[in-house]
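Below is entry_19.csv, holding CSV, C-alpha atoms and all ligand atoms.
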chain,number,residue,atom,x,y,z
E,1499,MET,CA,-16.3,20.2,-5.1
E,1500,PHE,CA,-17.4,18.3,-2.1
E,1501,ASN,CA,-19.6,20.2,0.4
E,1502,ARG,CA,-19.6,17.9,3.3
E,1503,ILE,CA,-16.6,15.9,4.3
E,1504,ALA,CA,-16.0,13.3,7.1
E,1505,ILE,CA,-12.5,12.6,8.2
E,1506,ILE,CA,-11.9,9.4,10.1
E,1507,GLY,CA,-8.6,9.6,12.0
E,1508,LEU,CA,-7.7,13.3,12.6
E,1509,GLY,CA,-3.9,12.8,13.0
E,1510,LEU,CA,-1.0,14.2,11.1
E,1511,ILE,CA,-2.4,13.5,7.6
E,1512,GLY,CA,-6.2,13.9,8.4
E,1513,GLY,CA,-5.5,17.1,10.3
E,1514,SER,CA,-3.3,18.5,7.5
E,1515,ILE,CA,-6.0,17.8,4.9
E,1516,ALA,CA,-8.7,19.4,7.1
E,1517,ARG,CA,-6.5,22.5,7.5
E,1518,MET,CA,-5.8,22.8,3.7
E,1519,VAL,CA,-9.5,22.2,2.9
E,1520,LYS,CA,-10.6,25.0,5.2
E,1521,LYS,CA,-7.8,27.3,3.8
E,1522,LYS,CA,-9.1,26.7,0.3
E,1523,CYS,CA,-12.8,26.5,0.9
E,1524,GLU,CA,-14.0,27.7,4.3
E,1525,SER,CA,-17.7,26.7,3.6
E,1526,VAL,CA,-17.0,23.0,3.4
E,1527,TYR,CA,-18.5,21.3,6.5
E,1528,ILE,CA,-16.0,18.9,8.1
E,1529,THR,CA,-16.9,16.3,10.7
E,1530,ALA,CA,-14.0,14.5,12.4
E,1531,TYR,CA,-14.5,11.0,13.8
E,1532,GLY,CA,-12.1,9.6,16.4
E,1533,ARG,CA,-11.9,7.0,19.1
E,1534,LYS,CA,-11.7,9.8,21.7
E,1535,PRO,CA,-13.6,12.7,20.2
E,1536,GLU,CA,-13.0,14.9,23.2
E,1537,SER,CA,-9.3,14.9,22.2
E,1538,LEU,CA,-10.3,16.6,18.9
E,1539,TYR,CA,-12.0,19.7,20.4
E,1540,ASN,CA,-8.9,21.7,19.8
E,1541,ALA,CA,-9.4,21.3,16.0
E,1542,VAL,CA,-13.0,22.7,16.4
E,1543,LYS,CA,-11.7,25.6,18.5
E,1544,GLU,CA,-9.1,26.4,15.9
E,1545,GLY,CA,-11.8,26.4,13.2
E,1546,PHE,CA,-10.5,23.5,11.1
E,1547,ILE,CA,-13.3,21.1,12.0
E,1548,ASP,CA,-16.9,21.9,12.4
E,1549,GLU,CA,-18.0,19.0,14.5
E,1550,VAL,CA,-16.4,16.0,16.2
E,1551,ALA,CA,-18.0,12.6,17.0
E,1552,SER,CA,-17.2,9.1,18.0
E,1553,ILE,CA,-15.9,6.6,15.4
E,1554,ASP,CA,-18.6,4.3,16.7
E,1555,ALA,CA,-21.3,6.6,15.5
E,1556,ILE,CA,-20.4,7.7,12.0
E,1557,ASP,CA,-23.3,9.5,10.4
E,1558,CYS,CA,-23.2,8.9,6.6
E,1559,LYS,CA,-26.2,11.1,5.8
E,1560,ASN,CA,-25.4,14.0,3.4
E,1561,VAL,CA,-21.7,13.3,3.5
E,1562,ASP,CA,-20.2,13.4,0.0
E,1563,LEU,CA,-16.6,12.6,0.8
E,1564,PHE,CA,-15.1,10.3,3.5
E,1565,ILE,CA,-11.4,10.6,4.1
E,1566,VAL,CA,-10.0,7.6,6.1
E,1567,ALA,CA,-6.7,8.6,7.5
E,1568,THR,CA,-6.0,5.8,10.1
E,1569,PRO,CA,-3.2,3.2,10.0
E,1570,VAL,CA,-3.6,0.9,7.0
E,1571,LEU,CA,-5.1,-2.2,8.7
E,1572,SER,CA,-7.7,-0.3,10.6
E,1573,SER,CA,-8.6,1.7,7.5
E,1574,ILE,CA,-9.6,-1.6,5.8
E,1575,THR,CA,-12.2,-2.3,8.6
E,1576,ILE,CA,-13.4,1.3,8.5
E,1577,ILE,CA,-13.8,1.5,4.7
E,1578,ASN,CA,-15.7,-1.8,4.7
E,1579,SER,CA,-18.1,-0.6,7.4
E,1580,LEU,CA,-18.7,2.6,5.4
E,1581,LEU,CA,-19.5,0.6,2.3
E,1582,ASN,CA,-21.9,-1.5,4.3
E,1583,ASP,CA,-23.7,1.5,5.8
E,1584,PRO,CA,-27.2,1.7,4.3
E,1585,GLN,CA,-27.1,5.5,4.9
E,1586,LEU,CA,-24.1,5.9,2.5
E,1587,GLU,CA,-25.4,8.5,0.0
E,1588,SER,CA,-25.6,7.2,-3.6
E,1589,GLY,CA,-23.0,9.7,-4.9
E,1590,ALA,CA,-20.6,9.6,-1.9
E,1591,LEU,CA,-17.0,8.7,-2.4
E,1592,ILE,CA,-14.5,7.2,0.1
E,1593,ILE,CA,-10.8,7.9,-0.2
E,1594,ASP,CA,-7.9,6.9,2.2
E,1595,ALA,CA,-4.4,8.1,2.8
E,1596,GLY,CA,-2.8,4.8,3.5
E,1597,SER,CA,0.8,4.1,2.6
E,1598,VAL,CA,-0.1,0.6,1.2
E,1599,LYS,CA,-2.8,0.2,-1.4
E,1600,GLN,CA,-3.2,-3.4,-2.8
E,1601,PRO,CA,-4.5,-5.1,0.4
E,1602,ILE,CA,-7.2,-2.4,0.8
E,1603,ILE,CA,-8.4,-2.9,-2.8
E,1604,ASP,CA,-8.2,-6.7,-2.5
E,1605,PHE,CA,-10.5,-6.4,0.5
E,1606,VAL,CA,-13.2,-4.1,-1.0
E,1607,ILE,CA,-13.1,-5.2,-4.7
E,1608,ASN,CA,-15.9,-7.8,-4.4
E,1609,HIS,CA,-18.2,-5.4,-2.5
E,1610,ASP,CA,-21.2,-4.2,-4.6
E,1611,LYS,CA,-20.2,-0.6,-3.7
E,1612,ALA,CA,-16.5,-1.1,-4.4
E,1613,HIS,CA,-16.6,1.6,-7.1
E,1614,ARG,CA,-17.1,4.2,-4.3
E,1615,PHE,CA,-13.7,3.6,-2.9
E,1616,VAL,CA,-10.7,5.4,-4.5
E,1617,GLY,CA,-7.3,4.6,-3.1
E,1618,CYS,CA,-5.0,7.6,-2.5
E,1619,HIS,CA,-1.6,8.1,-0.9
E,1620,PRO,CA,-0.4,11.6,-0.2
E,1621,MET,CA,3.4,11.4,-0.3
E,1622,ALA,CA,3.6,14.0,2.4
E,1623,GLY,CA,4.2,13.7,6.1
E,1624,SER,CA,7.0,13.2,8.5
E,1625,GLU,CA,8.1,11.0,11.5
E,1626,LYS,CA,5.8,13.0,13.7
E,1627,SER,CA,2.2,11.8,14.4
E,1628,GLY,CA,-1.0,13.3,15.7
E,1629,TYR,CA,-3.1,16.3,15.0
E,1630,THR,CA,-0.8,18.6,16.9
E,1631,PHE,CA,1.8,18.3,14.2
E,1632,SER,CA,-0.5,18.7,11.3
E,1633,THR,CA,0.0,21.6,9.0
E,1634,HIS,CA,-1.6,22.5,5.7
E,1635,SER,CA,1.9,23.2,4.2
E,1636,ILE,CA,2.9,19.5,4.1
E,1637,LEU,CA,0.5,19.1,1.3
E,1638,THR,CA,1.7,22.1,-0.8
E,1639,GLY,CA,3.3,20.7,-3.9
E,1640,ALA,CA,3.3,17.1,-2.5
E,1641,TRP,CA,2.6,14.2,-4.9
E,1642,VAL,CA,-0.6,12.3,-4.3
E,1643,ILE,CA,-0.7,8.8,-5.9
E,1644,ILE,CA,-4.1,7.7,-6.9
E,1645,THR,CA,-4.5,4.0,-7.5
E,1646,PRO,CA,-7.8,3.3,-9.4
E,1647,HIS,CA,-9.1,-0.2,-9.5
E,1648,GLN,CA,-11.2,-1.9,-12.2
E,1649,LYS,CA,-14.6,-0.9,-10.6
E,1650,ASN,CA,-13.8,2.8,-10.4
E,1651,ASN,CA,-15.3,5.1,-13.0
E,1652,ASP,CA,-13.5,7.9,-14.8
E,1653,ALA,CA,-15.8,10.7,-13.4
E,1654,ASP,CA,-15.1,9.7,-9.8
E,1655,ILE,CA,-11.4,9.5,-10.4
E,1656,ALA,CA,-11.5,13.0,-12.0
E,1657,ALA,CA,-13.5,14.3,-9.0
E,1658,ILE,CA,-10.8,13.0,-6.6
E,1659,LYS,CA,-8.0,14.3,-8.8
E,1660,ASN,CA,-9.6,17.7,-8.7
E,1661,PHE,CA,-10.0,17.5,-4.9
E,1662,TRP,CA,-6.3,16.9,-4.4
E,1663,GLU,CA,-5.3,19.5,-7.0
E,1664,MET,CA,-7.5,22.0,-5.1
E,1665,LEU,CA,-5.2,21.2,-2.1
E,1666,GLU,CA,-2.2,22.2,-4.2
E,1667,CYS,CA,-1.0,18.6,-4.6
E,1668,ARG,CA,0.5,17.0,-7.8
E,1669,ILE,CA,-1.1,13.9,-9.0
E,1670,HIS,CA,0.3,10.6,-10.2
E,1671,ILE,CA,-2.1,7.8,-11.2
E,1672,THR,CA,-0.9,4.2,-11.2
E,1673,ASP,CA,-2.1,0.7,-10.2
E,1674,ALA,CA,-1.9,-0.4,-6.6
E,1675,ALA,CA,0.6,-3.1,-7.2
E,1676,THR,CA,3.1,-0.7,-8.8
E,1677,HIS,CA,2.5,1.8,-6.0
E,1678,ASP,CA,3.2,-0.8,-3.3
E,1679,LYS,CA,6.4,-2.0,-5.0
E,1680,MET,CA,7.7,1.5,-5.5
E,1681,VAL,CA,7.1,2.8,-2.0
E,1682,ALA,CA,8.7,-0.3,-0.6
E,1683,SER,CA,11.9,1.1,-2.0
E,1684,THR,CA,11.4,4.8,-1.6
E,1685,SER,CA,9.6,4.9,1.8
E,1686,HIS,CA,9.4,1.6,3.7
E,1687,LEU,CA,13.1,0.5,3.2
E,1688,PRO,CA,14.4,3.9,4.4
E,1689,HIS,CA,12.3,3.7,7.5
E,1690,ILE,CA,13.5,0.1,8.3
E,1691,VAL,CA,17.1,1.0,7.6
E,1692,SER,CA,16.8,4.1,9.9
E,1693,SER,CA,15.3,1.8,12.6
E,1694,ALA,CA,18.0,-0.8,12.2
E,1695,LEU,CA,20.7,1.9,12.3
E,1696,MET,CA,19.2,3.2,15.6
E,1697,GLU,CA,19.0,-0.3,17.0
E,1698,CYS,CA,22.6,-1.1,15.9
E,1699,PHE,CA,23.9,2.2,17.4
E,1700,PHE,CA,22.1,1.5,20.7
E,1701,SER,CA,23.4,-2.1,21.0
E,1702,ALA,CA,27.0,-0.9,20.4
E,1703,HIS,CA,26.7,1.9,23.0
E,1704,ASN,CA,24.0,1.1,25.5
E,1705,ASP,CA,26.5,1.3,28.3
E,1706,VAL,CA,27.2,4.9,27.5
E,1707,ASN,CA,25.0,7.7,29.0
E,1708,PRO,CA,23.1,9.3,26.1
E,1709,PHE,CA,24.2,12.7,27.4
E,1710,ASP,CA,27.9,11.7,27.0
E,1711,MET,CA,27.1,10.7,23.3
E,1712,GLN,CA,25.9,14.1,22.4
E,1713,PRO,CA,29.3,15.5,21.2
E,1714,PHE,CA,29.5,12.7,18.8
E,1715,ILE,CA,26.1,13.0,17.3
E,1716,GLY,CA,26.2,15.2,14.2
E,1717,LYS,CA,23.7,16.2,11.5
E,1718,GLY,CA,24.4,13.0,9.5
E,1719,PHE,CA,23.4,10.7,12.3
E,1720,LYS,CA,20.3,12.8,13.0
E,1721,ASP,CA,19.4,12.7,9.3
E,1722,MET,CA,19.9,9.0,9.0
E,1723,THR,CA,17.9,8.1,12.1
E,1724,ARG,CA,15.1,10.7,11.9
E,1725,LEU,CA,12.6,8.2,10.5
E,1726,ALA,CA,13.1,5.8,13.3
E,1727,GLY,CA,11.1,8.2,15.5
E,1728,GLY,CA,7.9,7.4,13.4
E,1729,SER,CA,4.7,5.9,14.9
E,1730,PRO,CA,5.1,2.2,15.8
E,1731,ASP,CA,1.4,1.7,15.3
E,1732,MET,CA,1.4,3.1,11.8
E,1733,TRP,CA,4.6,1.3,10.8
E,1734,ALA,CA,3.5,-2.1,12.1
E,1735,ASP,CA,0.5,-1.9,9.7
E,1736,ILE,CA,2.6,-0.7,6.8
E,1737,VAL,CA,5.2,-3.4,7.1
E,1738,LEU,CA,2.7,-6.2,7.7
E,1739,SER,CA,0.5,-5.2,4.7
E,1740,ASN,CA,3.5,-4.7,2.3
E,1741,ASN,CA,5.7,-7.4,3.7
E,1742,ALA,CA,6.5,-9.3,0.5
E,1743,ASN,CA,7.7,-6.1,-1.3
E,1744,ILE,CA,9.6,-5.0,1.8
E,1745,ILE,CA,11.4,-8.3,2.3
E,1746,ALA,CA,12.4,-8.3,-1.4
E,1747,VAL,CA,14.0,-4.8,-1.2
E,1748,LEU,CA,15.6,-5.6,2.2
E,1749,GLU,CA,17.3,-8.6,0.6
E,1750,ASP,CA,18.6,-6.4,-2.2
E,1751,TYR,CA,19.8,-3.9,0.4
E,1752,LEU,CA,21.6,-6.6,2.4
E,1753,GLN,CA,23.5,-7.4,-0.9
E,1754,SER,CA,24.5,-3.8,-1.2
E,1755,VAL,CA,25.8,-3.8,2.4
E,1756,ILE,CA,27.8,-7.0,1.7
E,1757,LYS,CA,29.1,-5.4,-1.5
E,1758,VAL,CA,30.4,-2.3,0.2
E,1759,THR,CA,31.9,-4.3,3.1
E,1760,ASP,CA,33.8,-6.4,0.6
E,1761,ILE,CA,35.1,-3.3,-1.2
E,1762,ILE,CA,36.3,-1.8,2.1
E,1763,ARG,CA,38.1,-5.0,3.1
E,1764,GLU,CA,39.7,-5.4,-0.3
E,1765,ALA,CA,40.8,-1.7,-0.4
E,1766,ALA,CA,42.3,-2.0,3.0
E,1767,GLN,CA,44.1,-5.3,2.3
E,1768,SER,CA,45.6,-4.0,-1.0
E,1769,ALA,CA,46.0,-0.4,0.1
E,1770,ASP,CA,44.0,0.6,-2.9
E,1771,ARG,CA,42.3,3.9,-2.2
E,1772,GLY,CA,41.1,3.9,-5.8
E,1773,LEU,CA,38.6,1.1,-5.2
E,1774,LEU,CA,36.8,3.3,-2.6
E,1775,CYS,CA,36.9,6.4,-4.9
E,1776,GLN,CA,35.4,4.3,-7.7
E,1777,TYR,CA,32.6,3.0,-5.4
E,1778,PHE,CA,31.7,6.4,-4.0
E,1779,GLU,CA,31.9,8.0,-7.4
E,1780,GLU,CA,29.4,5.5,-8.9
E,1781,VAL,CA,27.0,6.0,-6.0
E,1782,GLN,CA,27.4,9.8,-6.2
E,1783,ASN,CA,26.5,9.6,-9.9
E,1784,LYS,CA,23.3,7.6,-9.1
E,1785,TRP,CA,22.5,10.1,-6.3
E,1786,ASN,CA,22.8,13.0,-8.8
E,1787,LYS,CA,20.3,11.4,-11.1
E,1788,TYR,CA,17.6,11.5,-8.4
E,1789,HIS,CA,18.5,14.8,-6.7
E,1790,ALA,CA,18.9,17.0,-9.8
I,1801,LIG,P1,-1.3,9.6,12.9
I,1801,LIG,O1,-0.9,8.6,14.0
I,1801,LIG,O2,-0.9,11.0,13.0
I,1801,LIG,O3,-2.9,9.6,12.9
I,1801,LIG,C1,-3.7,8.4,12.8
I,1801,LIG,C2,-5.1,8.7,13.3
I,1801,LIG,O4,-5.8,7.5,13.3
I,1801,LIG,C3,-5.1,9.2,14.8
I,1801,LIG,O5,-6.2,10.1,14.8
I,1801,LIG,C4,-5.4,7.9,15.6
I,1801,LIG,O6,-6.1,8.2,16.8
I,1801,LIG,C5,-6.3,7.2,14.6
I,1801,LIG,N1,-6.3,5.7,14.8
I,1801,LIG,C6,-5.2,5.0,15.0
I,1801,LIG,N2,-5.6,3.7,15.1
I,1801,LIG,C7,-6.9,3.6,14.9
I,1801,LIG,C8,-7.8,2.6,14.9
I,1801,LIG,N3,-7.5,1.3,15.1
I,1801,LIG,N4,-9.1,2.9,14.7
I,1801,LIG,C9,-9.5,4.2,14.5
I,1801,LIG,N5,-8.7,5.2,14.5
I,1801,LIG,C10,-7.4,4.9,14.7
I,1801,LIG,O7,-0.9,9.0,11.5
I,1801,LIG,P2,-0.8,9.7,10.1
I,1801,LIG,O8,0.7,10.0,9.9
I,1801,LIG,O9,-1.8,10.8,10.0
I,1801,LIG,O10,-1.1,8.5,9.2
I,1801,LIG,C11,-2.5,8.2,8.8
I,1801,LIG,C12,-2.4,7.4,7.5
I,1801,LIG,O11,-1.7,8.1,6.5
I,1801,LIG,C13,-1.7,6.0,7.6
I,1801,LIG,O12,-2.4,5.0,6.9
I,1801,LIG,C14,-0.4,6.2,7.0
I,1801,LIG,O13,0.1,5.0,6.4
I,1801,LIG,C15,-0.7,7.3,6.0
I,1801,LIG,N6,0.4,8.2,5.6
I,1801,LIG,C16,1.3,8.6,6.6
I,1801,LIG,C17,2.3,9.5,6.2
I,1801,LIG,C18,3.3,10.0,7.2
I,1801,LIG,O14,4.4,10.4,6.9
I,1801,LIG,N7,3.0,10.1,8.5
I,1801,LIG,C19,2.5,9.9,4.9
I,1801,LIG,C20,1.5,9.5,4.0
I,1801,LIG,C21,0.5,8.6,4.3
Could you render the structure as structure tokens?
Amino acid sequence: MFNRIAIIGLGLIGGSIARMVKKKCESVYITAYGRKPESLYNAVKEGFIDEVASIDAIDCKNVDLFIVATPVLSSITIINSLLNDPQLESGALIIDAGSVKQPIIDFVINHDKAHRFVGCHPMAGSEKSGYTFSTHSILTGAWVIITPHQKNNDADIAAIKNFWEMLECRIHITDAATHDKMVASTSHLPHIVSSALMECFFSAHNDVNPFDMQPFIGKGFKDMTRLAGGSPDMWADIVLSNNANIIAVLEDYLQSVIKVTDIIREAAQSADRGLLCQYFEEVQNKWNKYHA
């Protein structure tokens, strides 16, 4: 177990990890680093963080685990500066929580201390952001994807796996490229579709007072647009760093939208209700496979 942890970026994910670590092992000493450390004092008062400090003055001495939980592109810079820090202890490991993995690994892989970095992605969270919304419970039972690279060693991967398991997470290990391709479909596409739906709705009804729309907004609309409330800062980094995979799945998605539009048109023109039943039945069967 790690005795001294530094969390860089005490937001939704960093804060949730801190809470769960303290719940499981109160004696672990946690320092949180942020751009405005004074905004993190609440976490000290609540007992989830022992000390806060500025991100410009990270003290690597005696720290055995760094958790970088900032937006992906800033994580790359932070991880690189940790690897470059001469005070980095010889056994210290650095993990991140970023939603995209390959660009981080590409950046660090030629560093002589690249083996210290182990890419991680907790598949936990929500459209909310910031420490205020953090809670240990988002990690309970959540999958954490660990993406080892060729310079990692088995003992370090095992130590990181144990760490997440101690936080009650389930582990899946795969390579970064597979991770990025999969989450483009399961996480990034849904976010973009939710944003586009919100944008489309707003364009169609921007002359209507939002208050007057309320009677028409049911649970389905709220479910489908919930993700559009996510942090623009975080999503800009995700989309930029996984753009090729995202564009590929968006193109597939556009084909699906065209397909269903054609089916509706054909069913209407030929008064063939069966065409629509068949389409929705096929989709429902696929849905059942993933929601069993
Ligand atoms: P968040 O906005 O709640 O927290 C981000 C933290 O990073 C904040 O403390 C913020 O002040 C800090 N930060 C932002 N930009 C920074 C910069 N340039 N330099 C230094 N610090 C900076 O976001 P989050 O939801 O906790 O996400 C953190 C990471 O975890 C991201 O990489 C994200 O991709 C990943 N992630 C998010 C979710 C989710 O659902 N929110 C799920 C899994 C992984």
As a ChimeraX atom specification, please: the residues near E:Thr1645 (cut-off 12 Å, all atoms listed in the file, same-chain neighbours under 6 positions excluded). /E:1593-1600,1602-1603,1615-1620,1655,1658-1659,1669-1678
Pick out the closest residue to ligand LIG 1801 (chain I) from this set: E:Met1732, E:Ala1555, E:Leu1581, E:Met1722. Count all atoms listed in the file.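 Smallest distance to ligand LIG 1801 (chain I) is found for E:Met1732.
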Give me the residues within 9 Å of stretch 1533-1550 of chain E as a PyMOL selection string, counting all atoms listed in the file and dropping any in the same chain fewer than 2 places off. chain E and resi 1507-1508+1513+1516-1521+1524+1527-1531+1552-1554+1629
For the selection just defined, write its residues with C-alpha atoms to a file, as a PDB file, keeping the file's coordinate frame.
ATOM      1  CA  GLY E1507      -8.600   9.600  12.000  1.00  0.00           C
ATOM      2  CA  LEU E1508      -7.700  13.300  12.600  1.00  0.00           C
ATOM      3  CA  GLY E1513      -5.500  17.100  10.300  1.00  0.00           C
ATOM      4  CA  ALA E1516      -8.700  19.400   7.100  1.00  0.00           C
ATOM      5  CA  ARG E1517      -6.500  22.500   7.500  1.00  0.00           C
ATOM      6  CA  MET E1518      -5.800  22.800   3.700  1.00  0.00           C
ATOM      7  CA  VAL E1519      -9.500  22.200   2.900  1.00  0.00           C
ATOM      8  CA  LYS E1520     -10.600  25.000   5.200  1.00  0.00           C
ATOM      9  CA  LYS E1521      -7.800  27.300   3.800  1.00  0.00           C
ATOM     10  CA  GLU E1524     -14.000  27.700   4.300  1.00  0.00           C
ATOM     11  CA  TYR E1527     -18.500  21.300   6.500  1.00  0.00           C
ATOM     12  CA  ILE E1528     -16.000  18.900   8.100  1.00  0.00           C
ATOM     13  CA  THR E1529     -16.900  16.300  10.700  1.00  0.00           C
ATOM     14  CA  ALA E1530     -14.000  14.500  12.400  1.00  0.00           C
ATOM     15  CA  TYR E1531     -14.500  11.000  13.800  1.00  0.00           C
ATOM     16  CA  SER E1552     -17.200   9.100  18.000  1.00  0.00           C
ATOM     17  CA  ILE E1553     -15.900   6.600  15.400  1.00  0.00           C
ATOM     18  CA  ASP E1554     -18.600   4.300  16.700  1.00  0.00           C
ATOM     19  CA  TYR E1629      -3.100  16.300  15.000  1.00  0.00           C
TER      20      TYR E1629
END
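Of the residues listed (E:Glu1779, E:Asp1604, E:Asp1705, E:Glu1625), E:Glu1625 shows the shortest atom-to-atom separation from ligand LIG 1801 (chain I); distances use only C-alpha atoms and all ligand atoms.
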May I ask which of the residues E:Ala1694, E:Ala1746, E:Ile1644, E:Ala1790 is the closest one to E:Lys1679, counting all atoms listed in the file?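 Residue with the minimum atom-to-atom distance to E:Lys1679: E:Ala1746.
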One decimal place gives the atom CA of E:Ile1592-atom CA of E:Thr1684 separation as 26.1 Å
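One finds atom N6 of ligand LIG 1801 (chain I) at 27.6 Å from atom CA of E:Gln1585.
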Can you measure atom CA of E:Val1642 to atom CA of E:Gly1589 for me? One decimal in Å is fine. 22.6 Å
Per-residue nearest contacts of stretch 1545-1642 of chain E to stretch 1660-1668 of chain E (8 Å; only C-alpha atoms) as CSV:
residue,atom,partner,partner_atom,distance
E:Leu1637,CA,E:Cys1667,CA,6.1
E:Thr1638,CA,E:Glu1666,CA,5.2
E:Gly1639,CA,E:Cys1667,CA,4.8
E:Ala1640,CA,E:Cys1667,CA,5.0
E:Trp1641,CA,E:Arg1668,CA,4.5
E:Val1642,CA,E:Arg1668,CA,6.0
Using all atoms listed in the file: which of E:Ile1576, E:Ala1742, E:Ala1765, E:Cys1558 has the shortest distance to ligand LIG 1801 (chain I): E:Ile1576
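Between E:Asn1651 and the candidates E:His1613, E:His1686, E:His1634, E:Lys1787, the tightest atom-to-atom separation, counting all atoms listed in the file, involves E:His1613.
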Leaving out stretch 1760-1764 of chain E and any residue of its chain fewer than 3 positions from it, which residues lie within 12 Å of it when counting only C-alpha atoms, given as a PDB file with C-alpha atoms, in the frame of the given file?
ATOM      1  CA  GLN E1753      23.500  -7.400  -0.900  1.00  0.00           C
ATOM      2  CA  SER E1754      24.500  -3.800  -1.200  1.00  0.00           C
ATOM      3  CA  VAL E1755      25.800  -3.800   2.400  1.00  0.00           C
ATOM      4  CA  ILE E1756      27.800  -7.000   1.700  1.00  0.00           C
ATOM      5  CA  LYS E1757      29.100  -5.400  -1.500  1.00  0.00           C
ATOM      6  CA  GLN E1767      44.100  -5.300   2.300  1.00  0.00           C
ATOM      7  CA  SER E1768      45.600  -4.000  -1.000  1.00  0.00           C
ATOM      8  CA  ALA E1769      46.000  -0.400   0.100  1.00  0.00           C
ATOM      9  CA  ASP E1770      44.000   0.600  -2.900  1.00  0.00           C
ATOM     10  CA  ARG E1771      42.300   3.900  -2.200  1.00  0.00           C
ATOM     11  CA  GLY E1772      41.100   3.900  -5.800  1.00  0.00           C
ATOM     12  CA  LEU E1773      38.600   1.100  -5.200  1.00  0.00           C
ATOM     13  CA  LEU E1774      36.800   3.300  -2.600  1.00  0.00           C
ATOM     14  CA  CYS E1775      36.900   6.400  -4.900  1.00  0.00           C
ATOM     15  CA  GLN E1776      35.400   4.300  -7.700  1.00  0.00           C
ATOM     16  CA  TYR E1777      32.600   3.000  -5.400  1.00  0.00           C
ATOM     17  CA  PHE E1778      31.700   6.400  -4.000  1.00  0.00           C
TER      18      PHE E1778
END
Would you kindly return, as an MDAnalysis selection string, each protein, DNA or RNA residue with an atom no farther than 12 Å from any atom of E:Ile1744, considering all atoms listed in the file and excluding same-chain residues fewer than 5 positions away? chainID E and resid 1598 1678:1691 1736:1739 1749:1751
Restricting the output to C-alpha atoms, write the selected residues as an mmCIF file, in the coordinates of the input.
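Here's the written file out.cif:
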data_model
loop_
_atom_site.group_PDB
_atom_site.id
_atom_site.type_symbol
_atom_site.label_atom_id
_atom_site.label_comp_id
_atom_site.auth_asym_id
_atom_site.auth_seq_id
_atom_site.Cartn_x
_atom_site.Cartn_y
_atom_site.Cartn_z
ATOM 1 C CA VAL E 1598 -0.100 0.600 1.200
ATOM 2 C CA ASP E 1678 3.200 -0.800 -3.300
ATOM 3 C CA LYS E 1679 6.400 -2.000 -5.000
ATOM 4 C CA MET E 1680 7.700 1.500 -5.500
ATOM 5 C CA VAL E 1681 7.100 2.800 -2.000
ATOM 6 C CA ALA E 1682 8.700 -0.300 -0.600
ATOM 7 C CA SER E 1683 11.900 1.100 -2.000
ATOM 8 C CA THR E 1684 11.400 4.800 -1.600
ATOM 9 C CA SER E 1685 9.600 4.900 1.800
ATOM 10 C CA HIS E 1686 9.400 1.600 3.700
ATOM 11 C CA LEU E 1687 13.100 0.500 3.200
ATOM 12 C CA PRO E 1688 14.400 3.900 4.400
ATOM 13 C CA HIS E 1689 12.300 3.700 7.500
ATOM 14 C CA ILE E 1690 13.500 0.100 8.300
ATOM 15 C CA VAL E 1691 17.100 1.000 7.600
ATOM 16 C CA ILE E 1736 2.600 -0.700 6.800
ATOM 17 C CA VAL E 1737 5.200 -3.400 7.100
ATOM 18 C CA LEU E 1738 2.700 -6.200 7.700
ATOM 19 C CA SER E 1739 0.500 -5.200 4.700
ATOM 20 C CA GLU E 1749 17.300 -8.600 0.600
ATOM 21 C CA ASP E 1750 18.600 -6.400 -2.200
ATOM 22 C CA TYR E 1751 19.800 -3.900 0.400
#
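Shortest separation to ligand LIG 1801 (chain I) among E:Gly1628, E:Gly1727, E:Pro1584, E:Gly1716 occurs at residue E:Gly1628, atoms counted being all atoms listed in the file.
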